[in-house]
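Visitor: File follows, final-v3.txt with compact mmCIF, C-alpha atoms:
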```
# COMPACT_ATOMS: atom_id res chain seq x y z
CA MET H 27 -19.16 -14.52 94.83
CA GLN H 28 -18.46 -11.19 96.49
CA GLY H 29 -14.94 -9.98 97.12
CA PRO H 30 -13.02 -9.95 100.41
CA ALA H 31 -14.90 -8.70 103.45
CA VAL H 32 -14.49 -5.30 105.04
CA PHE H 33 -13.88 -6.43 108.58
CA ILE H 34 -15.10 -4.85 111.77
CA ASP H 35 -12.92 -1.98 112.97
CA ALA H 36 -12.60 -3.09 116.59
CA GLU H 37 -10.03 -4.68 118.86
CA ILE H 38 -9.91 -8.47 118.59
CA ASP H 39 -10.47 -8.93 122.34
CA ASP H 40 -13.56 -6.70 122.18
CA GLN H 41 -14.95 -8.66 119.22
CA ALA H 42 -14.39 -11.93 121.05
CA GLN H 43 -16.16 -10.58 124.14
CA GLU H 44 -19.18 -9.50 122.10
CA LEU H 45 -19.31 -12.87 120.35
CA ARG H 46 -19.24 -14.72 123.67
CA GLN H 47 -22.12 -12.62 124.94
CA PHE H 48 -24.10 -13.10 121.74
CA PHE H 49 -23.84 -16.89 121.79
CA LYS H 50 -24.47 -17.00 125.54
CA GLN H 51 -27.77 -15.17 124.95
CA LEU H 52 -28.70 -17.81 122.37
CA GLY H 53 -28.30 -20.50 125.03
CA ALA H 54 -24.84 -21.76 124.07
CA GLU H 55 -22.72 -23.36 126.76
CA ILE H 56 -20.03 -20.70 126.86
CA SER H 57 -18.84 -18.26 129.49
CA GLU H 58 -19.15 -14.51 128.90
CA GLU H 59 -15.71 -14.06 130.45
CA LYS H 60 -12.71 -14.15 128.15
CA SER H 61 -10.23 -16.99 128.46
CA SER H 62 -7.11 -16.52 130.52
CA LYS H 63 -5.23 -18.55 127.88
CA GLY H 64 -5.53 -15.90 125.21
CA ILE H 65 -7.45 -15.09 122.06
CA GLU H 66 -6.84 -18.45 120.41
CA ASP H 67 -8.56 -20.32 123.24
CA ASP H 68 -11.34 -17.72 123.14
CA LEU H 69 -11.83 -18.28 119.44
CA HIS H 70 -11.72 -22.05 119.85
CA LYS H 71 -14.64 -21.87 122.30
CA ILE H 72 -16.56 -19.37 120.14
CA ILE H 73 -16.25 -21.51 117.01
CA GLY H 74 -17.28 -24.54 119.03
CA VAL H 75 -20.74 -23.05 119.66
CA CYS H 76 -21.20 -20.76 116.65
CA ASP H 77 -23.60 -23.17 114.94
CA VAL H 78 -26.17 -22.43 117.67
CA CYS H 79 -27.22 -19.41 115.62
CA PHE H 80 -28.39 -21.76 112.86
CA LYS H 81 -31.02 -23.20 115.20
CA GLU H 82 -32.71 -19.94 116.10
CA ASN H 83 -35.22 -17.85 114.17
CA THR H 84 -34.63 -14.68 116.17
CA HIS H 85 -31.92 -13.29 113.88
CA THR H 86 -31.95 -12.49 110.20
CA PRO H 87 -29.42 -13.94 107.74
CA GLU H 88 -27.85 -10.46 107.56
CA GLU H 89 -27.29 -10.40 111.33
CA ILE H 90 -25.81 -13.89 111.32
CA ASP H 91 -23.59 -12.89 108.40
CA ALA H 92 -22.20 -10.02 110.50
CA VAL H 93 -21.48 -12.41 113.38
CA LEU H 94 -19.68 -14.92 111.15
CA ASN H 95 -17.79 -12.09 109.50
CA SER H 96 -16.50 -11.06 112.91
CA ILE H 97 -15.28 -14.62 113.55
CA VAL H 98 -13.50 -14.69 110.19
CA SER H 99 -11.82 -11.35 110.92
CA ILE H 100 -10.31 -12.84 114.09
CA ILE H 101 -9.28 -16.09 112.37
CA VAL H 102 -7.24 -14.34 109.66
CA SER H 103 -5.40 -12.30 112.29
CA ILE H 104 -3.95 -15.43 113.90
CA PRO H 105 -0.60 -16.73 112.59
CA LEU H 106 -0.89 -19.61 110.14
CA GLU H 107 1.04 -22.10 112.23
CA ARG H 108 -1.43 -21.66 115.11
CA GLY H 109 -4.64 -21.30 113.15
CA GLU H 110 -5.01 -24.64 111.37
CA ASN H 111 -7.30 -26.34 113.90
CA LEU H 112 -9.41 -23.18 114.23
CA ILE H 113 -9.92 -22.95 110.47
CA LEU H 114 -10.77 -26.64 110.13
CA SER H 115 -13.25 -26.39 113.01
CA PHE H 116 -14.89 -23.27 111.54
CA CYS H 117 -15.17 -24.88 108.09
CA ASP H 118 -16.83 -27.92 109.61
CA LYS H 119 -19.37 -25.72 111.43
CA MET H 120 -20.24 -23.91 108.20
CA THR H 121 -21.48 -27.19 106.71
CA LYS H 122 -24.05 -27.60 109.51
CA ALA H 123 -26.57 -25.00 108.33
CA LYS H 124 -29.50 -26.76 106.65
CA GLU H 125 -31.84 -23.84 105.95
CA PRO H 126 -30.97 -22.51 102.44
CA SER H 127 -30.73 -18.82 103.39
CA LEU H 128 -28.35 -19.64 106.25
CA ALA H 129 -26.33 -22.02 104.08
CA ARG H 130 -25.82 -19.15 101.62
CA VAL H 131 -24.56 -17.02 104.51
CA CYS H 132 -22.11 -19.78 105.43
CA LEU H 133 -20.98 -20.00 101.82
CA GLN H 134 -20.27 -16.27 101.82
CA SER H 135 -18.33 -16.56 105.09
CA LEU H 136 -16.19 -19.38 103.76
CA TRP H 137 -15.50 -17.40 100.59
CA ARG H 138 -14.37 -14.42 102.72
CA LEU H 139 -12.07 -16.70 104.66
CA PHE H 140 -10.68 -18.25 101.47
CA SER H 141 -10.13 -14.83 99.87
CA ASN H 142 -8.36 -13.39 102.92
CA LEU H 143 -5.96 -16.26 103.51
CA ASP H 144 -2.52 -15.71 102.05
CA VAL H 145 -2.21 -17.27 98.58
CA THR H 146 0.66 -19.39 99.88
CA SER H 147 -1.39 -20.88 102.72
CA PRO H 148 -1.97 -24.63 102.37
CA LEU H 149 -5.16 -24.14 104.41
CA ARG H 150 -6.80 -22.64 101.32
CA TYR H 151 -7.32 -26.21 100.11
CA HIS H 152 -9.34 -27.17 103.20
CA VAL H 153 -11.48 -24.02 103.04
CA TYR H 154 -12.16 -24.57 99.34
CA TYR H 155 -13.14 -28.20 99.89
CA HIS H 156 -15.80 -27.11 102.39
CA LEU H 157 -16.80 -24.28 100.07
CA VAL H 158 -17.75 -26.83 97.43
CA GLN H 159 -19.69 -28.87 99.97
CA VAL H 160 -21.78 -25.87 101.05
CA ALA H 161 -22.15 -24.63 97.45
CA LYS H 162 -23.71 -27.98 96.59
CA GLN H 163 -26.37 -27.48 99.27
CA VAL H 164 -27.53 -24.19 97.70
CA ASN H 165 -26.90 -25.05 94.02
CA GLN H 166 -24.16 -22.45 93.64
CA VAL H 167 -21.21 -24.61 92.63
CA LYS H 168 -20.80 -22.57 89.43
CA GLU H 169 -20.02 -19.57 91.65
CA VAL H 170 -16.94 -21.26 93.15
CA PHE H 171 -15.84 -23.63 90.38
CA THR H 172 -15.64 -22.76 86.69
CA GLY H 173 -13.02 -25.19 85.44
CA VAL H 174 -9.97 -27.29 86.21
CA GLU H 175 -7.46 -24.64 85.10
CA GLN H 176 -9.06 -22.02 87.35
CA LEU H 177 -8.93 -24.54 90.21
CA LYS H 178 -5.22 -25.22 89.70
CA ALA H 179 -4.48 -21.50 89.55
CA GLN H 180 -6.10 -20.99 92.95
CA PHE H 181 -3.68 -23.45 94.57
CA ALA H 182 -0.63 -22.75 92.40
CA GLN H 183 1.24 -20.77 95.07
CA CYS H 184 0.34 -22.90 98.11
CA SER H 185 3.39 -24.05 100.04
CA PRO H 186 3.50 -26.90 100.57
CA PRO H 187 1.16 -27.69 97.66
CA ALA H 188 -1.91 -29.86 98.12
CA SER H 189 -0.98 -33.53 98.05
CA ASN H 190 -1.98 -35.88 95.27
CA GLU H 191 -4.40 -37.59 97.65
CA GLN H 192 -6.00 -34.27 98.61
CA MET H 193 -6.54 -33.29 94.97
CA GLN H 194 -8.03 -36.70 94.23
CA LYS H 195 -10.46 -36.22 97.12
CA LEU H 196 -11.43 -32.77 95.80
CA TYR H 197 -11.87 -34.02 92.22
CA ARG H 198 -14.15 -36.81 93.46
CA LEU H 199 -16.26 -34.29 95.37
CA LEU H 200 -16.51 -31.98 92.35
CA HIS H 201 -17.47 -34.88 90.10
CA ASP H 202 -20.20 -35.95 92.51
CA VAL H 203 -21.50 -32.37 92.70
CA LEU H 204 -21.44 -31.78 88.93
CA LYS H 205 -22.52 -35.11 87.47
CA ASP H 206 -26.26 -34.34 87.58
CA THR H 207 -26.09 -30.68 86.53
CA ASN H 208 -23.07 -30.31 84.23
CA SER H 209 -22.03 -33.67 82.81
CA GLU H 210 -19.48 -32.12 80.44
CA LEU H 211 -17.58 -30.39 83.25
CA ALA H 212 -17.97 -33.46 85.46
CA SER H 213 -16.33 -35.54 82.75
CA LYS H 214 -13.39 -33.11 82.53
CA VAL H 215 -12.96 -33.26 86.31
CA MET H 216 -12.96 -37.06 86.27
CA ILE H 217 -10.39 -37.18 83.46
CA GLU H 218 -8.22 -34.85 85.52
CA LEU H 219 -8.66 -37.18 88.49
CA LEU H 220 -7.56 -40.21 86.49
CA GLY H 221 -4.54 -38.25 85.29
CA THR H 222 -3.30 -38.04 88.89
CA TYR H 223 -2.70 -41.79 89.01
CA THR H 224 0.65 -43.25 88.01
CA ALA H 225 1.50 -46.64 86.52
CA GLU H 226 2.30 -47.82 90.06
CA ASN H 227 -1.10 -47.03 91.59
CA ALA H 228 -3.40 -47.01 88.54
CA SER H 229 -4.76 -50.44 89.47
CA TYR H 230 -6.34 -48.87 92.59
CA ALA H 231 -8.36 -46.41 90.50
CA ARG H 232 -10.86 -48.93 89.15
CA GLU H 233 -13.97 -47.25 90.57
CA ASP H 234 -12.83 -43.79 89.43
CA ALA H 235 -12.06 -45.12 85.95
CA MET H 236 -15.49 -46.71 85.63
CA LYS H 237 -17.19 -43.49 86.75
CA CYS H 238 -15.15 -41.57 84.21
CA ILE H 239 -16.21 -43.85 81.35
CA VAL H 240 -19.87 -43.85 82.34
CA THR H 241 -19.93 -40.05 82.72
CA ALA H 242 -18.33 -39.56 79.31
CA LEU H 243 -20.68 -42.02 77.60
CA ALA H 244 -23.74 -40.45 79.23
CA ASP H 245 -22.74 -36.88 78.38
CA PRO H 246 -24.64 -35.87 75.22
CA ASN H 247 -21.94 -33.32 74.37
CA THR H 248 -18.87 -35.57 74.65
CA PHE H 249 -17.96 -37.28 71.40
CA LEU H 250 -14.15 -37.48 71.41
CA LEU H 251 -13.75 -40.54 73.62
CA ASP H 252 -10.49 -41.89 72.22
CA PRO H 253 -8.28 -40.08 74.82
CA LEU H 254 -9.86 -42.12 77.62
CA LEU H 255 -8.24 -45.29 76.30
CA SER H 256 -4.77 -43.87 76.95
CA LEU H 257 -5.41 -43.16 80.64
CA LYS H 258 -3.55 -45.65 82.82
CA PRO H 259 -6.49 -46.52 85.12
CA VAL H 260 -8.68 -47.16 82.05
CA ARG H 261 -6.03 -49.49 80.61
CA PHE H 262 -6.34 -51.65 83.72
CA LEU H 263 -9.98 -52.27 82.79
CA GLU H 264 -9.08 -54.02 79.52
CA GLY H 265 -11.00 -57.27 79.23
CA GLU H 266 -13.90 -55.99 81.33
CA LEU H 267 -17.32 -55.14 79.90
CA ILE H 268 -17.01 -51.43 80.65
CA HIS H 269 -13.83 -51.23 78.58
CA ASP H 270 -15.47 -53.19 75.77
CA LEU H 271 -18.40 -50.77 75.79
CA LEU H 272 -16.05 -47.78 75.66
CA SER H 273 -14.25 -49.33 72.69
CA VAL H 274 -17.57 -49.62 70.86
CA PHE H 275 -18.24 -45.91 71.37
CA VAL H 276 -14.70 -45.01 70.36
CA SER H 277 -14.49 -46.76 67.01
CA GLU H 278 -17.48 -48.97 66.18
CA LYS H 279 -20.80 -48.24 64.49
CA LEU H 280 -24.39 -48.60 65.65
CA PRO H 281 -24.78 -52.37 64.87
CA SER H 282 -21.86 -53.16 67.19
CA TYR H 283 -23.53 -51.30 70.06
CA LEU H 284 -26.88 -52.99 69.45
CA LYS H 285 -25.15 -56.38 69.52
CA PHE H 286 -23.35 -55.45 72.76
CA TYR H 287 -26.60 -54.30 74.36
CA LYS H 288 -28.41 -57.46 73.31
CA ASN H 289 -25.75 -59.60 75.00
CA HIS H 290 -25.20 -57.38 78.08
CA LYS H 291 -28.46 -55.52 78.63
CA GLU H 292 -28.38 -55.86 82.43
CA PHE H 293 -24.82 -54.54 82.61
CA VAL H 294 -25.57 -51.42 80.55
CA ASN H 295 -28.68 -50.66 82.63
CA SER H 296 -26.82 -51.28 85.90
CA GLN H 297 -24.36 -48.49 85.01
CA GLY H 298 -27.18 -45.97 84.86
CA LEU H 299 -26.85 -45.60 81.08
CA ILE H 300 -30.05 -45.10 79.10
CA HIS H 301 -30.30 -47.32 76.04
CA GLU H 302 -32.23 -44.81 73.91
CA GLN H 303 -29.65 -42.09 74.61
CA ASN H 304 -26.85 -44.51 73.78
CA ILE H 305 -28.47 -45.25 70.42
CA LYS H 306 -28.82 -41.53 69.68
CA LYS H 307 -25.16 -40.95 70.47
CA MET H 308 -24.00 -43.98 68.48
CA ARG H 309 -25.96 -42.74 65.45
CA LEU H 310 -24.13 -39.41 65.65
CA LEU H 311 -20.76 -41.15 66.06
CA SER H 312 -21.56 -43.53 63.20
CA PHE H 313 -22.47 -40.59 60.97
CA MET H 314 -19.17 -38.88 61.83
CA GLN H 315 -17.27 -42.02 60.89
CA LEU H 316 -19.14 -42.29 57.59
CA ALA H 317 -18.46 -38.61 56.89
CA GLU H 318 -14.72 -39.17 57.23
CA SER H 319 -14.63 -41.36 54.13
CA ASN H 320 -17.67 -40.11 52.20
CA SER H 321 -18.02 -36.59 50.85
CA GLU H 322 -21.54 -37.44 49.77
CA MET H 323 -24.20 -39.76 51.21
CA THR H 324 -27.72 -40.60 50.06
CA PHE H 325 -30.72 -40.61 52.37
CA GLU H 326 -31.17 -44.32 51.61
CA GLN H 327 -27.61 -45.00 52.74
CA LEU H 328 -28.22 -43.20 56.00
CA GLN H 329 -31.45 -45.11 56.59
CA GLU H 330 -29.59 -48.39 56.25
CA GLU H 331 -26.44 -47.44 58.19
CA LEU H 332 -28.21 -45.68 61.05
CA GLN H 333 -31.33 -47.86 61.15
CA ILE H 334 -33.79 -44.98 60.96
CA LYS H 335 -37.03 -44.49 59.07
CA GLU H 336 -37.32 -42.42 55.91
CA GLU H 337 -39.12 -39.58 57.67
CA GLU H 338 -36.42 -39.47 60.37
CA VAL H 339 -33.49 -38.76 58.02
CA GLU H 340 -33.93 -35.00 57.62
CA PRO H 341 -34.56 -34.32 61.37
CA PHE H 342 -31.48 -36.43 62.15
CA ILE H 343 -29.27 -34.43 59.76
CA ILE H 344 -30.53 -31.19 61.30
CA GLU H 345 -29.58 -32.50 64.76
CA VAL H 346 -26.11 -33.42 63.49
CA LEU H 347 -25.57 -29.94 62.09
CA LYS H 348 -26.64 -28.39 65.41
CA THR H 349 -23.80 -30.23 67.18
CA LYS H 350 -21.28 -28.58 64.79
CA LEU H 351 -19.43 -31.89 64.67
CA VAL H 352 -19.96 -32.00 60.92
CA ARG H 353 -20.19 -29.27 58.34
CA ALA H 354 -22.56 -30.35 55.59
CA ARG H 355 -25.26 -29.29 53.20
CA MET H 356 -28.52 -31.19 52.75
CA ASP H 357 -29.90 -31.50 49.23
CA GLN H 358 -33.53 -32.41 49.83
CA ARG H 359 -34.41 -32.60 46.15
CA ALA H 360 -31.62 -35.05 45.31
CA ARG H 361 -32.01 -36.71 48.75
CA LYS H 362 -28.31 -36.41 49.49
CA VAL H 363 -25.97 -34.93 52.08
CA HIS H 364 -22.78 -33.19 50.94
CA ILE H 365 -20.01 -33.25 53.58
CA SER H 366 -17.58 -30.32 53.89
CA SER H 367 -15.70 -31.41 57.04
CA THR H 368 -16.11 -33.55 60.14
CA MET H 369 -14.52 -33.96 63.54
CA HIS H 370 -12.59 -37.23 63.78
CA ARG H 371 -13.86 -39.79 66.29
CA THR H 372 -10.28 -40.88 66.95
CA PHE H 373 -7.08 -38.92 66.51
CA GLY H 374 -4.21 -41.32 66.05
CA ARG H 375 -1.20 -41.62 63.76
CA PRO H 376 -3.24 -41.49 60.49
CA GLN H 377 -4.91 -38.25 61.58
CA TRP H 378 -1.58 -36.70 62.60
CA GLN H 379 -0.16 -37.69 59.23
CA GLN H 380 -3.15 -36.13 57.48
CA LEU H 381 -2.70 -32.93 59.50
CA ARG H 382 1.02 -32.87 58.65
CA GLU H 383 0.29 -33.17 54.96
CA LEU H 384 -2.30 -30.42 55.18
CA LEU H 385 0.11 -28.06 56.94
CA LEU H 386 2.88 -28.83 54.41
CA SER H 387 0.42 -28.08 51.61
CA TRP H 388 -0.49 -24.75 53.23
CA LYS H 389 3.20 -23.92 53.64
CA SER H 390 3.86 -24.68 50.00
CA ASN H 391 0.90 -22.57 48.87
CA LEU H 392 1.96 -19.65 51.08
CA THR H 393 5.49 -19.83 49.69
CA LEU H 394 4.07 -19.72 46.15
CA VAL H 395 1.86 -16.75 47.04
CA GLN H 396 4.84 -14.93 48.54
CA GLU H 397 6.92 -15.57 45.42
CA ASN H 398 4.13 -14.25 43.20
CA ILE H 399 3.77 -11.14 45.35
CA ASN H 400 7.53 -10.54 45.17
CA THR H 401 7.44 -10.94 41.38
CA VAL H 402 4.56 -8.47 41.04
CA ALA H 403 6.26 -5.99 43.40
CA ALA H 404 9.53 -6.23 41.47
CA ALA H 405 7.71 -5.69 38.16
CA GLN H 406 5.94 -2.61 39.54
CA MET H 407 9.22 -1.15 40.81
CA GLU H 408 10.89 -1.76 37.45
CA LEU H 409 7.96 -0.10 35.66
CA ALA H 410 8.08 2.88 38.01
CA GLN H 411 11.83 3.31 37.38
CA ARG H 412 11.34 3.28 33.62
CA GLN H 413 8.65 5.93 33.85
```
Take the structure in the file and write it out as structure tokens.

Guide:
Amino acid sequence: MQGPAVFIDAEIDDQAQELRQFFKQLGAEISEEKSSKGIEDDLHKIIGVCDVCFKENTHTPEEIDAVLNSIVSIIVSIPLERGENLILSFCDKMTKAKEPSLARVCLQSLWRLFSNLDVTSPLRYHVYYHLVQVAKQVNQVKEVFTGVEQLKAQFAQCSPPASNEQMQKLYRLLHDVLKDTNSELASKVMIELLGTYTAENASYAREDAMKCIVTALADPNTFLLDPLLSLKPVRFLEGELIHDLLSVFVSEKLPSYLKFYKNHKEFVNSQGLIHEQNIKKMRLLSFMQLAESNSEMTFEQLQEELQIKEEEVEPFIIEVLKTKLVRARMDQRARKVHISSTMHRTFGRPQWQQLRELLLSWKSNLTLVQENINTVAAAQMELAQRQ
């Protein structure tokens, strides 16, 4: 998105008068005479009819952009405590443009408004929410949202901060916008949403929790699913089929999934999950689990464990290596796979213990190296002194 606007160098009253005349010429029900109640009432009436320019074909997007820019320049000049209703009304109007080129103009206008509001203004939340709505219309969400941390930073100084309920509403919108175009980012947004629930209200997050699980399972790039089980709203799903399915993906192998699907085929399909994609993901997860305890596997072993044909083994291994989940070397002549390292499917106490032992081993080795270096340095100094 472009930076803050360079606003029109004209008196606010003059801008308002020109805007009234412009919209009056387009057939809007507005008087050309300025309001006796002041600029705020003027602006209220102007915003109320500004969407009339979206219905005409007599002005170019550039001309409409200039008009909306003028409205924004007046809005940001009004004190915060008196501008809330004006900003909310303007944001709502910006969502009315249906023609793509005009919707992009509205997106730019909202971004100007967002950029020119004080960083402490709580109204930034409302502008941003509408920004995402309009960005969805023109497939430009990536221009206004790049990640959860960036999102938090944008609202970090707002006073008062956005409420928990407001952030939940925004996360739901972002998830809905991203789920079909960026499933990985959508999954991160949904996990963030679930993290906003407490033990007291987690039971009300059932729908969000189910969406989170389905999004994570469907995402071809999400393999570390264990953290979902610790989320409070997900815990409330224990005993339900969706939780059972998640548990299969977290720690079971392919046969367990196939058994689950055989018994609950309609449920899996009703969640929008594709069976063939589930099998592909479970094969990758199963391979990761096998790689944790086997530094070497034969092609025959993989055929049996992953239920694939002989000619499918090598293409499968290549696909695994592309994911970078496992570091391995394929020995085609010996028909074996040699494992160097693998990402763990779950990261619990055993994995922490393994990491602790590894770090202690590194520390010990570094201490030994340092001692050897000191010994060599001392010997060299002694030799130099003798010479």

Visitor: As an exercise, work out the distance from CA of Asn190 in chain H to CA of Leu219 in chain H in Å and give it to one decimal place.

Guide: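 Pair CA of Asn190 in chain H / CA of Leu219 in chain H returns 9.6 Å.
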
Visitor: So the first atom is CA of Leu157 in chain H and the second is CA of Leu136 in chain H; what is the distance between them in Å, to one decimal place?

Guide: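 Here the two named atoms are 6.2 Å from each other.
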
Visitor: Identify which of the residues H:Thr393, H:Thr146, H:Thr349, H:Gln411 lies closest to Pro187 in chain H, counting all atoms listed in the file when measuring atom-to-atom distances.

Guide: H:Thr146

Visitor: Just to confirm, what's the straight-line distance from CA of Lys307 in chain H to CA of Phe293 in chain H in Å (one decimal)?

Guide: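 Going from CA of Lys307 in chain H over to CA of Phe293 in chain H covers 18.2 Å.
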
Visitor: May I have the residues within 6 Å of range 269-282 of chain H as JSON, numbers by chain, using all atoms listed in the file and disregarding those fewer than 4 positions away in the same chain?

Guide: {"H": [251, 252, 263, 264, 308, 312]}

Visitor: Restricting the calculation to only C-alpha atoms, which member of H:Arg309, H:Lys81, H:Lys71, H:Lys237 is positioned closest to Leu284 in chain H?

Guide: H:Arg309

Visitor: Using all atoms listed in the file, find the one residue out of H:Leu220, H:Met120, H:Ile113, H:Ile38 that sits nearest to Pro253 in chain H.

Guide: H:Leu220

Visitor: H:Ala92, H:Leu112, H:Met369, H:Met323: which is nearest Met356 in chain H, counting only C-alpha atoms?

Guide: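 Distance minimum relative to Met356 in chain H lands on H:Met323.
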
Visitor: What's around Ser319 in chain H at 12 Å? Count all atoms listed in the file, leave out sequence neighbours fewer than 2 positions away in its own chain, and write the answer as a PyMOL selection string.

Guide: chain H and resi 312-317+321-323+364-370

Visitor: Do you know which residues are at most 10 Å from range 122-125 of chain H counting all atoms listed in the file, after dropping those on the same chain fewer than 3 positions away, and could you put them as a JSON list (two decimals) with C-alpha atoms, in the frame of the given file?

Guide:
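What landed in around-v3.json:
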```
[["chain", "number", "residue", "atom", "x", "y", "z"],
["H", 77, "ASP", "CA", -23.60, -23.17, 114.94],
["H", 78, "VAL", "CA", -26.17, -22.43, 117.67],
["H", 79, "CYS", "CA", -27.22, -19.41, 115.62],
["H", 80, "PHE", "CA", -28.39, -21.76, 112.86],
["H", 81, "LYS", "CA", -31.02, -23.20, 115.20],
["H", 117, "CYS", "CA", -15.17, -24.88, 108.09],
["H", 118, "ASP", "CA", -16.83, -27.92, 109.61],
["H", 119, "LYS", "CA", -19.37, -25.72, 111.43],
["H", 128, "LEU", "CA", -28.35, -19.64, 106.25],
["H", 129, "ALA", "CA", -26.33, -22.02, 104.08],
["H", 130, "ARG", "CA", -25.82, -19.15, 101.62],
["H", 131, "VAL", "CA", -24.56, -17.02, 104.51],
["H", 132, "CYS", "CA", -22.11, -19.78, 105.43],
["H", 133, "LEU", "CA", -20.98, -20.00, 101.82],
["H", 160, "VAL", "CA", -21.78, -25.87, 101.05],
["H", 163, "GLN", "CA", -26.37, -27.48, 99.27],
["H", 164, "VAL", "CA", -27.53, -24.19, 97.70]]
```

Visitor: List the spatial neighbours of Asn142 in chain H as a CSV table (one decimal) with C-alpha atoms, keeping the file's coordinate frame - criterion: any atom at most 7 Å away, all atoms listed in the file, same-chain residues fewer than 2 positions off excluded.

Guide:
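So selection-v2.csv came out as:
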```csv
chain,number,residue,atom,x,y,z
H,30,PRO,CA,-13.0,-10.0,100.4
H,102,VAL,CA,-7.2,-14.3,109.7
H,138,ARG,CA,-14.4,-14.4,102.7
H,139,LEU,CA,-12.1,-16.7,104.7
H,140,PHE,CA,-10.7,-18.2,101.5
H,144,ASP,CA,-2.5,-15.7,102.0
```
